[in-house]
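Visitor: Data file input-v2.txt (compact mmCIF, C-alpha atoms and all ligand atoms) is appended below.
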# COMPACT_ATOMS: atom_id res chain seq x y z
CA MET N 1 -80.63 105.30 34.44
CA ASN N 2 -82.84 104.37 37.36
CA ILE N 3 -86.41 105.17 36.22
CA MET N 4 -88.40 105.95 39.35
CA LYS N 5 -91.63 107.63 38.43
CA LEU N 6 -93.43 105.38 35.95
CA ALA N 7 -97.06 104.34 36.33
CA SER N 8 -97.96 101.23 38.28
CA ARG N 9 -99.45 99.73 35.10
CA ILE N 10 -95.99 98.96 33.73
CA GLY N 11 -95.84 96.20 36.32
CA GLU N 12 -98.66 94.46 34.46
CA LEU N 13 -96.90 94.42 31.09
CA ARG N 14 -95.65 91.12 29.69
CA PRO N 15 -93.61 90.55 26.55
CA SER N 16 -95.58 89.21 23.57
CA ALA N 17 -95.45 85.43 23.35
CA ILE N 18 -95.94 85.58 19.59
CA ARG N 19 -92.94 87.84 19.27
CA ALA N 20 -90.87 85.47 21.41
CA ALA N 21 -91.86 82.50 19.23
CA GLY N 22 -91.14 84.62 16.13
CA LYS N 23 -87.65 85.44 17.38
CA LEU N 24 -86.86 81.79 17.97
CA ILE N 25 -88.19 80.83 14.53
CA ALA N 26 -86.30 83.67 12.82
CA SER N 27 -83.06 82.36 14.35
CA LYS N 28 -83.38 79.30 12.10
CA PRO N 29 -83.20 80.38 8.46
CA GLY N 30 -85.47 78.36 6.14
CA CYS N 31 -87.83 77.36 8.94
CA ILE N 32 -91.40 76.71 7.72
CA THR N 33 -93.57 78.73 10.04
CA PHE N 34 -97.22 78.38 10.97
CA ALA N 35 -96.76 81.04 13.64
CA GLY N 36 -97.87 83.93 11.42
CA GLY N 37 -101.02 85.93 11.94
CA TYR N 38 -100.84 87.96 8.76
CA PRO N 39 -103.28 87.80 5.85
CA ALA N 40 -101.78 86.39 2.61
CA SER N 41 -100.06 89.03 0.50
CA GLU N 42 -100.88 87.29 -2.81
CA VAL N 43 -104.57 88.18 -2.40
CA MET N 44 -104.02 91.90 -1.84
CA PRO N 45 -105.92 94.05 -4.38
CA VAL N 46 -102.78 95.70 -5.76
CA GLU N 47 -104.05 96.80 -9.21
CA GLU N 48 -107.20 98.29 -7.73
CA VAL N 49 -105.26 100.20 -5.08
CA VAL N 50 -102.94 101.70 -7.69
CA GLU N 51 -105.89 102.87 -9.79
CA LEU N 52 -107.99 104.22 -6.98
CA THR N 53 -105.14 106.02 -5.23
CA ASP N 54 -104.45 107.96 -8.39
CA GLN N 55 -108.14 108.74 -8.77
CA LEU N 56 -108.63 109.82 -5.17
CA VAL N 57 -105.87 112.43 -5.40
CA ARG N 58 -107.58 113.77 -8.56
CA ASP N 59 -111.04 113.76 -6.91
CA TYR N 60 -110.17 115.08 -3.47
CA GLY N 61 -106.97 116.99 -4.24
CA ARG N 62 -105.10 118.22 -1.18
CA THR N 63 -108.05 117.48 1.11
CA SER N 64 -106.98 113.84 0.88
CA MET N 65 -103.67 114.80 2.47
CA GLN N 66 -105.12 117.06 5.16
CA TYR N 67 -106.33 116.36 8.71
CA GLY N 68 -109.90 115.13 8.83
CA LEU N 69 -112.55 114.63 11.47
CA THR N 70 -111.85 112.66 14.65
CA LYS N 71 -115.00 110.63 14.18
CA GLY N 72 -114.00 109.54 10.71
CA ASN N 73 -114.49 110.29 7.05
CA ASP N 74 -118.18 110.70 6.12
CA ASP N 75 -117.87 108.88 2.77
CA LEU N 76 -116.34 105.87 4.49
CA MET N 77 -118.88 105.86 7.32
CA GLU N 78 -121.72 105.94 4.76
CA GLN N 79 -120.22 102.89 3.10
CA ILE N 80 -119.88 101.13 6.47
CA VAL N 81 -123.56 101.79 7.21
CA LYS N 82 -124.35 99.90 3.96
CA LEU N 83 -122.01 97.02 4.86
CA MET N 84 -123.68 96.74 8.28
CA GLU N 85 -127.15 96.75 6.68
CA LYS N 86 -126.16 93.58 4.79
CA LYS N 87 -125.39 91.97 8.16
CA GLY N 88 -128.75 93.04 9.59
CA ILE N 89 -127.08 95.66 11.80
CA LYS N 90 -129.15 98.83 11.66
CA CYS N 91 -127.08 101.93 12.27
CA GLY N 92 -126.36 105.44 11.07
CA ILE N 93 -123.18 107.49 10.91
CA GLU N 94 -123.95 108.69 14.45
CA ASN N 95 -123.32 105.13 15.70
CA ILE N 96 -119.90 104.78 14.08
CA GLN N 97 -116.39 105.65 15.17
CA ILE N 98 -113.50 105.01 12.79
CA THR N 99 -110.50 103.54 14.61
CA THR N 100 -106.86 102.79 13.85
CA GLY N 101 -107.45 99.12 13.18
CA SER N 102 -109.89 97.16 15.28
CA GLN N 103 -107.01 96.83 17.74
CA GLN N 104 -107.60 100.44 18.74
CA ALA N 105 -111.32 99.73 18.99
CA ILE N 106 -110.57 97.04 21.60
CA PHE N 107 -108.33 99.50 23.47
CA LEU N 108 -111.15 102.09 23.44
CA THR N 109 -113.67 99.61 24.85
CA GLY N 110 -111.27 99.20 27.78
CA MET N 111 -110.95 102.97 28.15
CA LEU N 112 -114.73 103.23 28.21
CA THR N 113 -115.44 100.56 30.80
CA LEU N 114 -112.46 99.51 32.92
CA ASP N 115 -111.21 101.14 36.09
CA LYS N 116 -108.43 99.58 38.14
CA GLY N 117 -109.88 96.52 39.88
CA ASP N 118 -112.71 96.00 37.39
CA ALA N 119 -112.89 92.76 35.47
CA VAL N 120 -113.21 91.82 31.83
CA VAL N 121 -114.52 88.39 30.87
CA VAL N 122 -112.82 86.73 27.91
CA GLU N 123 -113.13 83.35 26.22
CA ASN N 124 -110.68 80.63 27.12
CA PRO N 125 -108.58 80.96 24.97
CA THR N 126 -108.89 84.47 23.50
CA TYR N 127 -107.15 86.90 21.16
CA LEU N 128 -103.78 87.74 22.68
CA GLY N 129 -103.99 91.33 21.39
CA ALA N 130 -107.14 91.86 23.45
CA LEU N 131 -105.31 90.78 26.59
CA SER N 132 -102.55 93.28 25.70
CA ALA N 133 -105.11 96.01 25.04
CA TYR N 134 -106.84 95.59 28.42
CA VAL N 135 -103.69 95.08 30.54
CA PRO N 136 -102.86 98.82 30.88
CA TYR N 137 -106.23 99.43 32.56
CA GLU N 138 -105.03 97.24 35.44
CA ALA N 139 -108.21 95.21 35.24
CA GLU N 140 -108.64 91.59 36.19
CA PHE N 141 -109.11 88.99 33.42
CA ILE N 142 -111.59 86.21 33.95
CA GLY N 143 -111.40 83.44 31.37
CA VAL N 144 -114.55 81.40 30.72
CA ASP N 145 -114.23 78.06 28.94
CA ALA N 146 -115.77 77.55 25.51
CA ASP N 147 -117.01 74.42 23.75
CA GLU N 148 -117.83 73.88 20.07
CA GLU N 149 -120.73 76.37 20.25
CA GLY N 150 -119.01 79.20 22.09
CA MET N 151 -118.63 80.30 25.70
CA ILE N 152 -120.26 77.89 28.17
CA MET N 153 -123.19 79.85 29.53
CA SER N 154 -123.51 78.10 32.90
CA GLU N 155 -119.87 79.01 33.59
CA LEU N 156 -120.41 82.56 32.42
CA GLU N 157 -123.43 82.96 34.68
CA LYS N 158 -121.51 81.63 37.67
CA THR N 159 -118.69 84.06 36.87
CA LEU N 160 -121.08 87.01 36.65
CA GLN N 161 -122.79 86.03 39.90
CA GLU N 162 -119.51 85.71 41.76
CA ASN N 163 -117.72 88.73 40.31
CA LYS N 164 -119.70 91.92 40.62
CA ASN N 165 -116.73 93.87 39.21
CA VAL N 166 -117.23 92.54 35.66
CA LYS N 167 -117.90 95.46 33.30
CA LEU N 168 -117.22 93.97 29.90
CA ILE N 169 -117.37 90.67 28.03
CA TYR N 170 -115.00 90.49 25.05
CA VAL N 171 -115.73 87.84 22.41
CA VAL N 172 -114.68 86.85 18.88
CA PRO N 173 -117.73 84.86 17.71
CA ASN N 174 -116.60 84.17 14.12
CA PHE N 175 -113.55 82.04 13.23
CA SER N 176 -111.80 83.15 16.34
CA ASN N 177 -108.16 83.93 16.72
CA PRO N 178 -106.70 81.62 18.01
CA THR N 179 -109.09 78.63 17.69
CA GLY N 180 -110.95 79.21 14.40
CA LYS N 181 -114.21 78.34 16.22
CA THR N 182 -117.59 79.97 15.54
CA TRP N 183 -120.39 80.54 18.03
CA SER N 184 -123.85 79.07 17.40
CA LEU N 185 -126.86 81.37 17.09
CA GLU N 186 -128.30 80.03 20.33
CA ARG N 187 -125.17 80.86 22.29
CA ARG N 188 -125.08 84.38 20.83
CA LYS N 189 -128.67 84.96 21.96
CA GLN N 190 -127.90 83.57 25.40
CA LEU N 191 -124.85 85.83 25.75
CA LEU N 192 -126.97 88.87 24.99
CA GLU N 193 -129.56 87.81 27.56
CA MET N 194 -126.88 87.19 30.16
CA ALA N 195 -125.30 90.61 29.51
CA LYS N 196 -128.74 92.20 29.98
CA LYS N 197 -129.42 90.27 33.17
CA TYR N 198 -126.11 91.24 34.79
CA ASP N 199 -125.88 94.66 33.16
CA VAL N 200 -122.52 94.36 31.41
CA LEU N 201 -121.43 95.50 27.96
CA ILE N 202 -120.38 93.13 25.18
CA ALA N 203 -117.42 93.87 22.89
CA GLU N 204 -118.05 91.83 19.71
CA ASP N 205 -114.84 91.63 17.69
CA ASN N 206 -115.40 90.47 14.13
CA PRO N 207 -112.35 90.92 11.88
CA TYR N 208 -112.71 87.49 10.21
CA GLY N 209 -116.49 87.19 9.85
CA ASP N 210 -116.61 87.64 6.07
CA ILE N 211 -113.96 85.03 5.37
CA ARG N 212 -116.25 82.01 5.47
CA PHE N 213 -115.30 78.84 3.49
CA SER N 214 -118.17 76.56 4.44
CA GLY N 215 -121.35 76.39 6.52
CA GLU N 216 -124.00 79.07 6.85
CA PRO N 217 -123.38 82.60 8.17
CA VAL N 218 -124.64 83.14 11.73
CA PRO N 219 -126.14 86.55 12.62
CA GLU N 220 -123.87 88.93 14.50
CA ILE N 221 -124.77 89.54 18.16
CA LYS N 222 -125.05 93.24 17.33
CA SER N 223 -127.88 92.51 14.88
CA MET N 224 -129.97 91.22 17.81
CA ASP N 225 -129.10 94.08 20.17
CA ASP N 226 -132.12 96.26 20.85
CA GLU N 227 -130.70 98.36 23.69
CA GLY N 228 -127.16 99.38 22.75
CA ARG N 229 -125.50 96.71 24.88
CA VAL N 230 -123.11 95.52 22.15
CA ILE N 231 -120.10 97.38 20.82
CA TYR N 232 -119.39 95.82 17.44
CA MET N 233 -115.86 96.07 16.06
CA GLY N 234 -115.00 95.64 12.40
CA SER N 235 -111.81 95.90 10.38
CA PHE N 236 -110.60 96.21 6.79
CA SER N 237 -107.31 94.46 7.63
CA LYS N 238 -108.37 90.95 6.67
CA VAL N 239 -110.54 91.75 3.63
CA LEU N 240 -108.52 94.54 1.97
CA PHE N 241 -105.09 95.01 3.50
CA ALA N 242 -103.79 95.32 7.04
CA GLY N 243 -101.37 98.19 6.39
CA LEU N 244 -104.35 100.53 6.01
CA ARG N 245 -104.83 100.38 9.79
CA VAL N 246 -108.51 101.20 9.56
CA GLY N 247 -111.23 99.62 11.68
CA PHE N 248 -114.46 100.86 13.22
CA THR N 249 -116.96 100.49 16.02
CA VAL N 250 -120.75 100.39 15.82
CA SER N 251 -122.40 101.25 19.13
CA SER N 252 -125.09 103.39 20.71
CA LYS N 253 -124.69 107.08 19.82
CA GLU N 254 -123.85 107.83 23.44
CA ILE N 255 -120.89 105.43 23.39
CA ALA N 256 -119.80 106.56 19.90
CA ASP N 257 -119.64 110.12 21.26
CA TYR N 258 -117.44 108.99 24.16
CA PHE N 259 -115.14 107.16 21.74
CA GLU N 260 -114.79 110.31 19.68
CA ILE N 261 -113.70 112.33 22.73
CA PHE N 262 -111.26 109.61 23.83
CA LYS N 263 -109.82 109.42 20.35
CA GLN N 264 -109.18 113.15 20.25
CA GLY N 265 -106.68 112.51 23.03
CA VAL N 266 -105.31 109.26 21.65
CA ASP N 267 -104.46 110.09 18.02
CA LEU N 268 -106.77 112.90 16.79
CA GLN N 269 -108.06 110.70 13.97
CA SER N 270 -107.28 107.63 11.90
CA ASN N 271 -105.36 107.87 8.62
CA GLU N 272 -107.44 110.09 6.32
CA PHE N 273 -105.78 108.92 3.12
CA ALA N 274 -106.42 105.27 3.98
CA GLN N 275 -110.05 106.02 4.85
CA LEU N 276 -110.54 107.64 1.43
CA GLN N 277 -108.89 104.67 -0.26
CA ILE N 278 -111.33 102.32 1.42
CA ALA N 279 -114.33 104.55 0.67
CA GLY N 280 -113.20 104.67 -2.98
CA TYR N 281 -112.73 100.92 -3.07
CA LEU N 282 -116.16 100.23 -1.63
CA LYS N 283 -117.81 102.64 -4.09
CA ASN N 284 -116.01 101.55 -7.24
CA TYR N 285 -115.00 97.91 -6.78
CA ASP N 286 -116.64 94.72 -5.65
CA LEU N 287 -115.69 93.82 -2.06
CA ASP N 288 -117.54 90.50 -2.30
CA LYS N 289 -115.32 89.53 -5.23
CA GLN N 290 -112.21 90.41 -3.25
CA VAL N 291 -113.50 88.35 -0.30
CA GLN N 292 -114.12 85.41 -2.65
CA ARG N 293 -110.52 85.68 -3.85
CA ILE N 294 -109.38 85.37 -0.22
CA VAL N 295 -111.82 82.55 0.56
CA LYS N 296 -110.60 80.55 -2.43
CA ASN N 297 -106.97 80.95 -1.42
CA TYR N 298 -107.44 80.15 2.29
CA SER N 299 -109.99 77.36 2.01
CA VAL N 300 -107.65 75.18 -0.08
CA LYS N 301 -104.95 75.66 2.54
CA ARG N 302 -107.31 74.97 5.44
CA ASP N 303 -108.45 71.75 3.73
CA LEU N 304 -104.89 70.61 3.22
CA MET N 305 -103.79 71.43 6.77
CA CYS N 306 -106.77 69.62 8.32
CA LYS N 307 -106.33 66.62 6.01
CA ILE N 308 -102.69 66.18 7.06
CA ILE N 309 -103.60 66.52 10.75
CA ASP N 310 -106.31 63.86 10.34
CA GLU N 311 -104.21 61.46 8.30
CA LYS N 312 -100.70 61.86 9.70
CA PHE N 313 -100.84 63.25 13.25
CA PRO N 314 -101.06 60.89 16.24
CA LYS N 315 -104.69 60.11 17.06
CA SER N 316 -104.31 61.70 20.51
CA VAL N 317 -104.01 65.15 18.87
CA LYS N 318 -107.34 66.97 18.60
CA ARG N 319 -108.09 69.84 16.23
CA THR N 320 -110.80 72.44 15.73
CA ASN N 321 -112.80 72.56 12.53
CA PRO N 322 -112.62 76.18 11.31
CA GLU N 323 -115.27 77.16 8.77
CA GLY N 324 -113.33 80.32 7.95
CA GLY N 325 -110.62 82.71 9.12
CA MET N 326 -106.90 81.97 9.29
CA PHE N 327 -106.27 79.47 12.12
CA VAL N 328 -106.53 75.85 13.21
CA TRP N 329 -106.04 75.07 16.89
CA ILE N 330 -104.67 71.77 18.11
CA GLU N 331 -104.55 70.15 21.52
CA LEU N 332 -101.79 67.70 22.42
CA PRO N 333 -101.94 65.30 25.36
CA GLU N 334 -101.83 67.23 28.64
CA ASN N 335 -98.28 66.25 29.59
CA ILE N 336 -96.77 67.97 26.52
CA ASP N 337 -95.61 71.57 26.89
CA ALA N 338 -95.91 73.15 23.44
CA SER N 339 -93.34 75.86 24.17
CA VAL N 340 -90.70 73.26 25.09
CA LEU N 341 -91.67 71.28 21.97
CA LEU N 342 -91.32 74.45 19.85
CA GLU N 343 -87.59 74.61 20.53
CA LYS N 344 -87.23 71.05 19.27
CA ALA N 345 -89.48 71.68 16.27
CA VAL N 346 -87.50 74.74 15.20
CA GLU N 347 -84.09 73.21 15.84
CA GLU N 348 -84.59 69.64 14.63
CA ILE N 349 -87.20 69.81 11.86
CA GLY N 350 -87.31 73.51 10.90
CA VAL N 351 -90.98 74.03 11.76
CA GLY N 352 -92.46 76.90 13.81
CA TYR N 353 -95.82 77.65 15.44
CA VAL N 354 -97.26 79.65 18.34
CA PRO N 355 -97.72 77.78 21.65
CA GLY N 356 -101.31 78.21 22.89
CA GLY N 357 -100.79 78.86 26.63
CA PRO N 358 -100.44 82.66 26.33
CA PHE N 359 -103.91 82.85 24.71
CA TYR N 360 -105.39 81.79 28.05
CA ALA N 361 -105.91 84.60 30.54
CA ASP N 362 -104.19 82.47 33.20
CA GLY N 363 -101.48 81.05 30.89
CA SER N 364 -102.73 77.48 31.38
CA HIS N 365 -103.28 74.79 28.68
CA LYS N 366 -99.63 74.67 27.71
CA ASN N 367 -100.42 71.62 25.56
CA THR N 368 -102.16 73.71 22.87
CA ILE N 369 -100.91 75.19 19.60
CA ARG N 370 -102.17 77.78 17.09
CA LEU N 371 -101.46 76.98 13.46
CA ASN N 372 -101.86 79.64 10.77
CA PHE N 373 -102.66 78.68 7.18
CA SER N 374 -103.01 82.09 5.47
CA THR N 375 -99.34 83.04 5.10
CA VAL N 376 -97.94 79.68 4.01
CA THR N 377 -98.10 78.05 0.57
CA ALA N 378 -99.71 74.66 -0.05
CA GLU N 379 -96.21 73.19 -0.58
CA GLN N 380 -95.06 74.56 2.77
CA ILE N 381 -98.12 73.11 4.48
CA GLU N 382 -97.51 69.71 2.91
CA GLU N 383 -93.83 69.66 3.85
CA GLY N 384 -94.01 71.42 7.25
CA MET N 385 -97.03 69.57 8.58
CA THR N 386 -95.62 66.21 7.46
CA ARG N 387 -92.38 66.93 9.30
CA PHE N 388 -94.35 68.03 12.36
CA ALA N 389 -96.43 64.84 12.26
CA LYS N 390 -93.24 62.79 12.37
CA LEU N 391 -91.91 64.72 15.36
CA LEU N 392 -95.23 64.33 17.19
CA HIS N 393 -95.15 60.56 16.65
CA GLU N 394 -91.64 60.45 18.11
CA GLU N 395 -92.79 62.48 21.13
CA LEU N 396 -96.17 60.89 21.78
CA ASP N 397 -96.08 57.26 20.62
N1 LIG X 401 -109.12 91.20 16.67
C1 LIG X 401 -108.65 90.00 16.33
C2 LIG X 401 -109.40 88.79 16.80
C3 LIG X 401 -107.51 89.87 15.54
O1 LIG X 401 -107.06 88.66 15.22
C4 LIG X 401 -106.85 91.04 15.11
C5 LIG X 401 -105.59 91.00 14.26
N2 LIG X 401 -104.77 89.97 14.38
C6 LIG X 401 -107.36 92.28 15.50
C7 LIG X 401 -108.51 92.32 16.27
C8 LIG X 401 -106.71 93.56 15.12
O2 LIG X 401 -106.78 93.79 13.76
P1 LIG X 401 -106.61 95.20 13.08
O3 LIG X 401 -106.15 96.16 14.13
O4 LIG X 401 -105.62 95.00 12.00
O5 LIG X 401 -107.96 95.55 12.58
Take the structure in the file and give it back as structure tokens.
Ligand code: PMP
Guide:
Amino acid sequence: MNIMKLASRIGELRPSAIRAAGKLIASKPGCITFAGGYPASEVMPVEEVVELTDQLVRDYGRTSMQYGLTKGNDDLMEQIVKLMEKKGIKCGIENIQITTGSQQAIFLTGMLTLDKGDAVVVENPTYLGALSAYVPYEAEFIGVDADEEGMIMSELEKTLQENKNVKLIYVVPNFSNPTGKTWSLERRKQLLEMAKKYDVLIAEDNPYGDIRFSGEPVPEIKSMDDEGRVIYMGSFSKVLFAGLRVGFTVSSKEIADYFEIFKQGVDLQSNEFAQLQIAGYLKNYDLDKQVQRIVKNYSVKRDLMCKIIDEKFPKSVKRTNPEGGMFVWIELPENIDASVLLEKAVEEIGVGYVPGGPFYADGSHKNTIRLNFSTVTAEQIEEGMTRFAKLLHEELD
């Protein structure tokens, strides 16, 4: 069939690079893969979920299976207000919108701000899912380079001066996907000042913030926001379990009200049953203990992965130093194309990863790689990374 009448935005769509890498890796049975982006399943709170699901059906009866409010479940939003208080983010239920994962929250920030021809500033590199979320708005992406402390402010300022169509700055300041990097306090303050000066909104995406292995927590940008310039996005995917598909935004009431109206048209509401499960979990169990369980599991694997990179990889390979989250990012010499190397890695040594180029708004930096340590075992890290080190020596030495 010749489809004639589709929207112009379909021309902007590109197939997911992660999916393409996944397909290649899946074609080689037994491949050890660092391409994943999933949380570990062994740290899921299975016993607790069984208990509390039973209890919630007793407590709420058929209401738990009914439609709920578009804005979100009140019990859950009250619990989120308490979680935000611990982060120094002052808010009430009126500031919250429950979303279907934080992925939907990103999509809604685009719906709120971006008309065709507007621009969104992202970090170089940034979360691939954010690029996918903003693409349908037919906006322009402007990538700004980041160093060890976060986005480089002189570059951001130049970008904002030269591009009056920028409406939104999207950032992942804690243990970013894909690099694992964390922004310094100073840079967070400067970003807020810059957003004020050029009158743009900030979308602060923080799904990994609680999963810290080392170093001191840095205040969220939202906690310093005194004029409703920051839309904070949180998620239960990485601390409880991703299949819940529950996230949230914290914003000015005005923006929260717009989100509610948009969401009425998008999906009416997020999963009521899942929202009650989370509310029940937060009331009756210890989230900090669950987070510690995750931290313990991931930090051992991060340590091992970084140790092997330092000891066995060629010295020309650079890595980030993630203090939390699920990813390490490596940079190979500039002449190496990581997607070409992936074919060799999968075929010859049975190791997979995600090439880093697609995480850049302009697809550059093809010599970079994202390595995930949450879904693999310590044995797989030992074996897979050692094999990868050998291949890199063959390619680079
Ligand atoms: N933001 C970032 C930076 C992510 O890595 C992810 C998940 N990979 C999301 C948002 C979306 O997460 P969820 O929709 O499960 O909350």
Visitor: State, in Å with one decimal place, the distance from CA of Val172 in chain N to CA of Asp205 in chain N.
Guide: 4.9 Å
Visitor: Name the residues in contact with Asp310 in chain N at a cut-off of 12 Å, using all atoms listed in the file, excluding same-chain residues fewer than 5 positions from it; report them as number ranges by chain.
Guide: N: 303-305, 315-321, 330, 385-386, 389
Visitor: Counting only C-alpha atoms, which of N:Glu348, N:Glu123, N:Asp257, N:Glu394 gets nearest to Lys181 in chain N?
Guide: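 Closest to Lys181 in chain N of all the choices is N:Glu123.
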Visitor: List the residues sitting within 12 Å of (-112.2, 80.5, 32.8) in the file's frame, using only C-alpha atoms, as a PyMOL selection string.
Guide: chain N and resi 120-126+141-147+151-160+359-365
Visitor: Kindly indicate which residue among N:Ala119, N:Leu282, N:Ala256, N:Leu128 lies nearest to Arg370 in chain N, using all atoms listed in the file for the distances.
Guide: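 Selected residue with least distance to Arg370 in chain N: N:Leu128.
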Visitor: Complete the atoms of range 186-202 of chain N to N, CA and C atoms and put them out as an mmCIF file, in the coordinates of the input.
Guide:
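Once everything was written out, this is result_20.cif:
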data_model
loop_
_atom_site.group_PDB
_atom_site.id
_atom_site.type_symbol
_atom_site.label_atom_id
_atom_site.label_comp_id
_atom_site.auth_asym_id
_atom_site.auth_seq_id
_atom_site.Cartn_x
_atom_site.Cartn_y
_atom_site.Cartn_z
ATOM 1 N N GLU N 186 -127.724 80.160 18.999
ATOM 2 C CA GLU N 186 -128.300 80.030 20.330
ATOM 3 C C GLU N 186 -127.392 80.657 21.399
ATOM 4 N N ARG N 187 -126.121 80.355 21.295
ATOM 5 C CA ARG N 187 -125.170 80.860 22.290
ATOM 6 C C ARG N 187 -125.067 82.393 22.213
ATOM 7 N N ARG N 188 -125.152 82.917 20.988
ATOM 8 C CA ARG N 188 -125.080 84.380 20.830
ATOM 9 C C ARG N 188 -126.272 85.037 21.523
ATOM 10 N N LYS N 189 -127.458 84.422 21.328
ATOM 11 C CA LYS N 189 -128.670 84.960 21.960
ATOM 12 C C LYS N 189 -128.539 84.899 23.472
ATOM 13 N N GLN N 190 -128.035 83.752 23.947
ATOM 14 C CA GLN N 190 -127.900 83.570 25.400
ATOM 15 C C GLN N 190 -126.912 84.572 25.997
ATOM 16 N N LEU N 191 -125.837 84.858 25.249
ATOM 17 C CA LEU N 191 -124.850 85.830 25.750
ATOM 18 C C LEU N 191 -125.503 87.200 25.940
ATOM 19 N N LEU N 192 -126.292 87.570 24.931
ATOM 20 C CA LEU N 192 -126.970 88.870 24.990
ATOM 21 C C LEU N 192 -127.912 88.933 26.203
ATOM 22 N N GLU N 193 -128.645 87.854 26.411
ATOM 23 C CA GLU N 193 -129.560 87.810 27.560
ATOM 24 C C GLU N 193 -128.798 87.911 28.879
ATOM 25 N N MET N 194 -127.701 87.200 28.930
ATOM 26 C CA MET N 194 -126.880 87.190 30.160
ATOM 27 C C MET N 194 -126.313 88.592 30.415
ATOM 28 N N ALA N 195 -125.866 89.255 29.359
ATOM 29 C CA ALA N 195 -125.300 90.610 29.510
ATOM 30 C C ALA N 195 -126.378 91.574 30.003
ATOM 31 N N LYS N 196 -127.617 91.361 29.528
ATOM 32 C CA LYS N 196 -128.740 92.200 29.980
ATOM 33 C C LYS N 196 -128.988 91.947 31.459
ATOM 34 N N LYS N 197 -129.076 90.646 31.805
ATOM 35 C CA LYS N 197 -129.420 90.270 33.170
ATOM 36 C C LYS N 197 -128.422 90.827 34.180
ATOM 37 N N TYR N 198 -127.133 90.791 33.824
ATOM 38 C CA TYR N 198 -126.110 91.240 34.790
ATOM 39 C C TYR N 198 -125.573 92.630 34.456
ATOM 40 N N ASP N 199 -126.211 93.279 33.510
ATOM 41 C CA ASP N 199 -125.880 94.660 33.160
ATOM 42 C C ASP N 199 -124.392 94.880 32.854
ATOM 43 N N VAL N 200 -123.890 94.126 31.876
ATOM 44 C CA VAL N 200 -122.520 94.360 31.410
ATOM 45 C C VAL N 200 -122.554 94.621 29.904
ATOM 46 N N LEU N 201 -121.502 95.246 29.395
ATOM 47 C CA LEU N 201 -121.430 95.500 27.960
ATOM 48 C C LEU N 201 -120.715 94.341 27.255
ATOM 49 N N ILE N 202 -121.056 94.148 25.980
ATOM 50 C CA ILE N 202 -120.380 93.130 25.180
ATOM 51 C C ILE N 202 -119.523 93.824 24.113
#
